[in-house]
Amino acid sequence: MSEHTAPTPGLDAAEIAEPGAVTVVVPTFNESANIRRLLRLITESVPARLPCEVVFVDDSTDDTPEVIRAAAQDCPFPVAVLHRAEPVGGLGGAVVEGIKAATSEWIVVMDGDCQHPPSLIPELVATGERANAGLVVASRYIEGGSRAGLAGGYRVTVSRGATWLTKALFPRRLHGISDPMSGFFAIRRSAVSAEVLKPLGYKILLELAVRSRPGRVAEVPFVFQDRFAGESKSTAQEGFRFLRHLAGLRTASPVARMVGFGLIGASGFVPNLVGLWALTALGTHYVPAEILANQLGVAWNFLLIEQLLFRDRRAHRRRWDRLGRFALLANADLVLRIPLIALLVGRFGMGALPATALALAMTFVLRFVGTEALVYLPRRRGSRARRAA
Ligand SMILES: Nc1nc2c(ncn2[C@@H]2O[C@H](COP(=O)(O)OP(=O)(O)O)[C@@H](O)[C@H]2O)c(=O)[nH]1
Ligand SMILES: [Mg+2]
């Protein structure tokens, strides 16, 4: 293969001691009309001195795998298709599988619809080598980049909002990354730690940047192109998945989880008060109304913590078991609080207000610890160790 690309301005090949080889990972879902063009562009972009292989991780229901195999015949580099019968983890899961299958020093992840220009592959790797970076992000939001290909004001607004929210939630971890939503990036294989490879993350760059510490980060501007053919698989459902992903990443530490638990608990006052209002308006005596309305708050809290805080810790207990335990803890909290306040006032001579505040804080911590330990405690370590042995 000859050298097709002119060297990038300001980028001296001699500066790169020994350009690492690159595995290009492309997740595909029904992209048959884009494959030939994509492989042709990669062939034109990657110079001979940069050893390259392409791994498609495919969840298609159309003939994409056959199209890839046929088109691969004309490629000067190895092309592999990992077709997954069961698309575990969707797009994020596909990228993780590709990363695991990659053997080169550098891994470039890019979409299969030609929205990410393959001409940038050598520059991403060269920038990483030069900057001694573990991660190089192709960014739409630095000078020289643009999001021209984001179809419509709605998509632009959603993308901008998601970027802002993500940066606000992870100011330190995403320092130096202007485009954490980018699906186009290069990562050094040694910078990917195995524990990070959870097939849950939908936005895999975010997952990598937050969970693993890829070391130094560099960015290269890119113009987000129009999709060449076919249609986007982005849906509102993916949007919700993204929000759950954010919540999961943000509450990975116990302290952050406790804060989330408190915020969710506070939000439970709304259904509680609405229920109380409705029941008393219907003529229910206020005592049973209080008790019933409180259950509404409990149900609300349960739904939210299941979705946002303990999503990946639900598997070892049935839903009704979890709900029962959670409701028991929440109601025990109420029953405990009054005698606790009485104790603090009567025995320790505290004022009613500080005693109430302290009792609230104590029962809150107890409820959080109880919920972690009694409802969502992960499987015993022993069983995993036994399996590994
Ligand atoms: N393997 C796999 N690839 C997917 C899946 N969903 C989307 N993709 C691919 O991910 C890339 C980005 O998806 P796309 O629909 O273009 O999203 P958009 O650019 O945000 O509109 C494309 O190459 C898709 O074919 C999936 O469930 N599995
Ligand atoms: Mg796309």
# chains A, B, ... in the order shown; residues from 1 in each chain; ligands from 1

call {"tool": "residues_near_ligand", "arguments": {"ligand": "ligand 2", "cutoff": "6 Å", "atoms": "only C-alpha atoms and all ligand atoms", "output": "MDAnalysis selection string"}}
result
chainID A and resid 113 115 227 232

call {"tool": "residues_near_ligand", "arguments": {"ligand": "ligand 1", "cutoff": "9 Å", "atoms": "only C-alpha atoms and all ligand atoms", "output": "PyMOL selection string"}}
result
chain A and resi 26-31+56-60+83-84+87-95+110-115+149-151+155+183+227+230-235

call {"tool": "select_by_dssp", "arguments": {"residues": "segment 123-236 of chain A", "states": "strand (DSSP E or B)", "output": "MDAnalysis selection string"}}
result
chainID A and resid 135:139 146 185:188 217:221 223

call {"tool": "residues_around", "arguments": {"residues": "segment 262-279 of chain A", "least_positions_apart": "3", "cutoff": "7 Å", "atoms": "only C-alpha atoms", "output": "PyMOL selection string"}}
result
chain A and resi 258-259+282-284+289-290+293-294+296-297+300-301+304

call {"tool": "write_last_selection", "arguments": {"atoms": "C-alpha atoms", "output": "PDB file, in the first residue's frame"}}
result
ATOM      1  CA  MET A 258     -25.790   8.650  50.270  1.00  0.00           C
ATOM      2  CA  VAL A 259     -26.219  12.155  48.864  1.00  0.00           C
ATOM      3  CA  LEU A 282     -61.813  12.607  50.045  1.00  0.00           C
ATOM      4  CA  GLY A 283     -62.759  12.715  53.717  1.00  0.00           C
ATOM      5  CA  THR A 284     -60.210  10.246  55.130  1.00  0.00           C
ATOM      6  CA  ALA A 289     -54.309   9.447  55.519  1.00  0.00           C
ATOM      7  CA  GLU A 290     -50.828  10.210  56.898  1.00  0.00           C
ATOM      8  CA  ALA A 293     -49.646   8.990  51.998  1.00  0.00           C
ATOM      9  CA  ASN A 294     -46.366   7.996  53.543  1.00  0.00           C
ATOM     10  CA  LEU A 296     -46.874   6.721  48.453  1.00  0.00           C
ATOM     11  CA  GLY A 297     -43.631   8.510  49.293  1.00  0.00           C
ATOM     12  CA  TRP A 300     -41.783   6.803  44.899  1.00  0.00           C
ATOM     13  CA  ASN A 301     -38.428   6.560  46.679  1.00  0.00           C
ATOM     14  CA  LEU A 304     -36.174   6.086  42.008  1.00  0.00           C
TER      15      LEU A 304
END

call {"tool": "atom_distance", "arguments": {"atom1": "atom CA of Arg49 of chain A", "atom2": "atom CA of Glu123 of chain A"}}
result
13.0 Å

call {"tool": "residues_around", "arguments": {"residues": "Asn331 of chain A", "least_positions_apart": "2", "cutoff": "12 Å", "atoms": "only C-alpha atoms", "output": "ChimeraX atom specification"}}
result
/A:290-299,324-329,333-337,363-364,367

call {"tool": "write_last_selection", "arguments": {"atoms": "C-alpha atoms", "output": "short mmCIF file (atom, residue, chain, number, x, y, z; two decimals), in the first residue's frame"}}
result
data_model
loop_
_atom_site.label_atom_id
_atom_site.label_comp_id
_atom_site.auth_asym_id
_atom_site.auth_seq_id
_atom_site.Cartn_x
_atom_site.Cartn_y
_atom_site.Cartn_z
CA GLU A 290 -50.83 10.21 56.90
CA ILE A 291 -49.97 6.51 56.97
CA LEU A 292 -51.24 5.85 53.45
CA ALA A 293 -49.65 8.99 52.00
CA ASN A 294 -46.37 8.00 53.54
CA GLN A 295 -46.53 4.71 51.63
CA LEU A 296 -46.87 6.72 48.45
CA GLY A 297 -43.63 8.51 49.29
CA VAL A 298 -42.01 5.16 50.06
CA ALA A 299 -43.10 3.73 46.70
CA GLY A 324 -40.88 -5.32 51.33
CA ARG A 325 -37.53 -4.78 53.00
CA PHE A 326 -37.30 -1.20 51.79
CA ALA A 327 -40.82 -0.38 53.01
CA LEU A 328 -40.10 -1.99 56.37
CA LEU A 329 -36.97 0.12 56.81
CA ASP A 333 -37.60 5.00 60.46
CA LEU A 334 -40.89 6.78 61.25
CA VAL A 335 -41.67 4.60 64.23
CA LEU A 336 -38.15 4.98 65.62
CA ARG A 337 -37.95 8.71 65.29
CA THR A 363 -32.47 7.69 61.21
CA PHE A 364 -31.49 8.84 57.72
CA ARG A 367 -31.95 3.90 56.76
#

call {"tool": "closest_residue", "arguments": {"among": "A:Ile305, A:Ala70, A:Leu340, A:Met181", "to": "Glu372 of chain A", "atoms": "only C-alpha atoms"}}
result
A:Ile305

call {"tool": "closest_residue", "arguments": {"among": "A:Lys203, A:Arg147, A:His316, A:His175", "to": "Ala162 of chain A", "atoms": "only C-alpha atoms"}}
result
A:Lys203

call {"tool": "residues_around", "arguments": {"residues": "Ala71 of chain A", "least_positions_apart": "2", "cutoff": "9 Å", "atoms": "only C-alpha atoms", "output": "compact mmCIF listing (two decimals) with C-alpha atoms, in the first residue's frame"}}
result
# COMPACT_ATOMS: atom_id res chain seq x y z
CA ILE A 35 -19.61 -0.08 4.85
CA ARG A 36 -17.93 0.17 1.44
CA LEU A 39 -13.57 0.99 4.36
CA ARG A 40 -12.51 2.90 1.25
CA GLU A 66 -21.94 -10.17 4.61
CA VAL A 67 -21.33 -6.73 3.11
CA ILE A 68 -18.36 -6.26 5.44
CA ARG A 69 -16.87 -9.64 4.51
CA GLN A 73 -11.51 -8.52 0.19
CA ASP A 74 -10.40 -5.19 -1.29
CA CYS A 75 -8.74 -3.91 1.87

call {"tool": "closest_residue", "arguments": {"among": "A:Ile204, A:Ala236, A:Val210, A:Leu169", "to": "Tyr154 of chain A", "atoms": "only C-alpha atoms"}}
result
A:Ala236

call {"tool": "closest_residue", "arguments": {"among": "A:Arg211, A:Lys198, A:Arg216, A:Arg319", "to": "Gly134 of chain A", "atoms": "only C-alpha atoms"}}
result
A:Arg216

call {"tool": "residues_around", "arguments": {"residues": "Ser212 of chain A", "least_positions_apart": "6", "cutoff": "12 Å", "atoms": "only C-alpha atoms", "output": "PyMOL selection string"}}
result
chain A and resi 134-135+173-174+187-198+204-206+249

call {"tool": "write_last_selection", "arguments": {"atoms": "C-alpha atoms", "output": "PDB file, in the first residue's frame"}}
result
ATOM      1  CA  GLY A 134      -3.487   7.777  27.052  1.00  0.00           C
ATOM      2  CA  LEU A 135      -6.603   9.191  25.433  1.00  0.00           C
ATOM      3  CA  ARG A 173     -12.425  13.784  35.626  1.00  0.00           C
ATOM      4  CA  LEU A 174     -13.452  15.506  32.394  1.00  0.00           C
ATOM      5  CA  ILE A 187      -7.156   5.191  23.518  1.00  0.00           C
ATOM      6  CA  ARG A 188      -3.917   3.483  24.396  1.00  0.00           C
ATOM      7  CA  ARG A 189      -4.607  -0.134  25.185  1.00  0.00           C
ATOM      8  CA  SER A 190      -2.513   0.046  28.341  1.00  0.00           C
ATOM      9  CA  ALA A 191      -4.754   2.899  29.536  1.00  0.00           C
ATOM     10  CA  VAL A 192      -7.860   0.699  29.546  1.00  0.00           C
ATOM     11  CA  SER A 193      -8.167  -1.123  32.837  1.00  0.00           C
ATOM     12  CA  ALA A 194     -10.196  -4.314  32.783  1.00  0.00           C
ATOM     13  CA  GLU A 195     -12.546  -3.351  35.596  1.00  0.00           C
ATOM     14  CA  VAL A 196     -13.729  -0.444  33.509  1.00  0.00           C
ATOM     15  CA  LEU A 197     -15.060  -2.591  30.736  1.00  0.00           C
ATOM     16  CA  LYS A 198     -18.651  -2.751  31.859  1.00  0.00           C
ATOM     17  CA  ILE A 204     -18.252   4.625  26.260  1.00  0.00           C
ATOM     18  CA  LEU A 205     -15.861   7.578  26.172  1.00  0.00           C
ATOM     19  CA  LEU A 206     -17.520   8.958  29.284  1.00  0.00           C
ATOM     20  CA  LEU A 249     -21.240   6.856  37.281  1.00  0.00           C
TER      21      LEU A 249
END

call {"tool": "atom_distance", "arguments": {"atom1": "atom CA of Trp320 of chain A", "atom2": "atom CA of Gln307 of chain A"}}
result
15.2 Å

call {"tool": "atom_distance", "arguments": {"atom1": "atom CA of Val255 of chain A", "atom2": "atom CA of Ala332 of chain A"}}
result
22.8 Å

call {"tool": "select_by_dssp", "arguments": {"residues": "segment 217-361 of chain A", "states": "alpha helix (DSSP H)", "output": "PyMOL selection string"}}
result
chain A and resi 236-250+254-267+269-281+286-308+319-346+352-361

call {"tool": "write_last_selection", "arguments": {"atoms": "C-alpha atoms", "output": "mmCIF file, in the first residue's frame"}}
result
data_model
loop_
_atom_site.group_PDB
_atom_site.id
_atom_site.type_symbol
_atom_site.label_atom_id
_atom_site.label_comp_id
_atom_site.auth_asym_id
_atom_site.auth_seq_id
_atom_site.Cartn_x
_atom_site.Cartn_y
_atom_site.Cartn_z
ATOM 1 C CA ALA A 236 -35.491 8.916 23.398
ATOM 2 C CA GLN A 237 -34.893 5.547 25.040
ATOM 3 C CA GLU A 238 -31.158 5.950 24.480
ATOM 4 C CA GLY A 239 -31.494 9.362 26.113
ATOM 5 C CA PHE A 240 -32.940 7.829 29.285
ATOM 6 C CA ARG A 241 -30.270 5.185 29.215
ATOM 7 C CA PHE A 242 -27.709 7.951 29.113
ATOM 8 C CA LEU A 243 -29.235 9.648 32.170
ATOM 9 C CA ARG A 244 -29.181 6.356 34.063
ATOM 10 C CA HIS A 245 -25.586 5.876 32.997
ATOM 11 C CA LEU A 246 -24.714 9.338 34.350
ATOM 12 C CA ALA A 247 -26.454 8.564 37.644
ATOM 13 C CA GLY A 248 -24.612 5.241 37.897
ATOM 14 C CA LEU A 249 -21.240 6.856 37.281
ATOM 15 C CA ARG A 250 -21.905 9.719 39.649
ATOM 16 C CA PRO A 254 -20.823 5.336 48.964
ATOM 17 C CA VAL A 255 -20.734 9.018 49.951
ATOM 18 C CA ALA A 256 -22.126 10.114 46.579
ATOM 19 C CA ARG A 257 -24.726 7.376 46.865
ATOM 20 C CA MET A 258 -25.790 8.650 50.270
ATOM 21 C CA VAL A 259 -26.219 12.155 48.864
ATOM 22 C CA GLY A 260 -28.330 10.716 46.037
ATOM 23 C CA PHE A 261 -30.327 8.725 48.578
ATOM 24 C CA GLY A 262 -31.003 11.924 50.531
ATOM 25 C CA LEU A 263 -32.044 13.879 47.456
ATOM 26 C CA ILE A 264 -34.398 11.131 46.371
ATOM 27 C CA GLY A 265 -35.779 10.931 49.903
ATOM 28 C CA ALA A 266 -36.423 14.687 49.890
ATOM 29 C CA SER A 267 -38.190 14.443 46.538
ATOM 30 C CA PHE A 269 -42.207 14.693 50.122
ATOM 31 C CA VAL A 270 -44.007 15.732 46.937
ATOM 32 C CA PRO A 271 -46.041 12.519 46.358
ATOM 33 C CA ASN A 272 -46.440 12.237 50.126
ATOM 34 C CA LEU A 273 -48.052 15.688 50.428
ATOM 35 C CA VAL A 274 -50.117 15.276 47.258
ATOM 36 C CA GLY A 275 -51.427 11.946 48.575
ATOM 37 C CA LEU A 276 -52.213 13.480 51.949
ATOM 38 C CA TRP A 277 -54.072 16.329 50.309
ATOM 39 C CA ALA A 278 -56.076 13.982 48.059
ATOM 40 C CA LEU A 279 -56.991 11.579 50.864
ATOM 41 C CA THR A 280 -58.092 14.278 53.301
ATOM 42 C CA ALA A 281 -60.033 15.952 50.488
ATOM 43 C CA TYR A 286 -55.835 12.445 58.872
ATOM 44 C CA VAL A 287 -54.133 9.599 60.773
ATOM 45 C CA PRO A 288 -54.814 6.815 58.231
ATOM 46 C CA ALA A 289 -54.309 9.447 55.519
ATOM 47 C CA GLU A 290 -50.828 10.210 56.898
ATOM 48 C CA ILE A 291 -49.966 6.512 56.971
ATOM 49 C CA LEU A 292 -51.238 5.848 53.450
ATOM 50 C CA ALA A 293 -49.646 8.990 51.998
ATOM 51 C CA ASN A 294 -46.366 7.996 53.543
ATOM 52 C CA GLN A 295 -46.530 4.710 51.632
ATOM 53 C CA LEU A 296 -46.874 6.721 48.453
ATOM 54 C CA GLY A 297 -43.631 8.510 49.293
ATOM 55 C CA VAL A 298 -42.007 5.161 50.061
ATOM 56 C CA ALA A 299 -43.105 3.735 46.702
ATOM 57 C CA TRP A 300 -41.783 6.803 44.899
ATOM 58 C CA ASN A 301 -38.428 6.560 46.679
ATOM 59 C CA PHE A 302 -38.211 2.861 45.944
ATOM 60 C CA LEU A 303 -38.794 3.352 42.218
ATOM 61 C CA LEU A 304 -36.174 6.086 42.008
ATOM 62 C CA ILE A 305 -33.453 4.376 44.005
ATOM 63 C CA GLU A 306 -33.979 1.167 42.026
ATOM 64 C CA GLN A 307 -33.592 3.024 38.742
ATOM 65 C CA LEU A 308 -30.859 5.465 39.693
ATOM 66 C CA ARG A 319 -38.488 -7.248 43.421
ATOM 67 C CA TRP A 320 -41.168 -7.924 46.071
ATOM 68 C CA ASP A 321 -38.530 -8.971 48.533
ATOM 69 C CA ARG A 322 -36.640 -5.724 47.919
ATOM 70 C CA LEU A 323 -39.797 -3.613 48.103
ATOM 71 C CA GLY A 324 -40.883 -5.316 51.332
ATOM 72 C CA ARG A 325 -37.528 -4.778 53.005
ATOM 73 C CA PHE A 326 -37.298 -1.205 51.789
ATOM 74 C CA ALA A 327 -40.821 -0.379 53.006
ATOM 75 C CA LEU A 328 -40.103 -1.987 56.366
ATOM 76 C CA LEU A 329 -36.974 0.123 56.808
ATOM 77 C CA ALA A 330 -38.746 3.303 55.735
ATOM 78 C CA ASN A 331 -41.606 2.741 58.178
ATOM 79 C CA ALA A 332 -39.289 1.662 60.977
ATOM 80 C CA ASP A 333 -37.595 4.997 60.456
ATOM 81 C CA LEU A 334 -40.885 6.781 61.251
ATOM 82 C CA VAL A 335 -41.667 4.598 64.227
ATOM 83 C CA LEU A 336 -38.154 4.975 65.624
ATOM 84 C CA ARG A 337 -37.948 8.707 65.294
ATOM 85 C CA ILE A 338 -40.436 9.702 68.017
ATOM 86 C CA PRO A 339 -38.928 7.580 70.840
ATOM 87 C CA LEU A 340 -35.479 8.693 69.724
ATOM 88 C CA ILE A 341 -36.489 12.360 70.002
ATOM 89 C CA ALA A 342 -38.028 11.633 73.400
ATOM 90 C CA LEU A 343 -34.781 10.025 74.482
ATOM 91 C CA LEU A 344 -32.650 12.924 73.278
ATOM 92 C CA VAL A 345 -34.887 15.477 74.998
ATOM 93 C CA GLY A 346 -35.640 13.537 78.192
ATOM 94 C CA ALA A 352 -36.937 19.783 70.753
ATOM 95 C CA LEU A 353 -35.634 21.308 67.522
ATOM 96 C CA PRO A 354 -32.009 20.141 67.666
ATOM 97 C CA ALA A 355 -33.228 16.763 68.952
ATOM 98 C CA THR A 356 -35.537 16.437 65.959
ATOM 99 C CA ALA A 357 -32.769 17.445 63.553
ATOM 100 C CA LEU A 358 -30.344 14.982 65.113
ATOM 101 C CA ALA A 359 -32.938 12.200 65.118
ATOM 102 C CA LEU A 360 -33.696 12.898 61.447
ATOM 103 C CA ALA A 361 -30.000 12.705 60.586
#
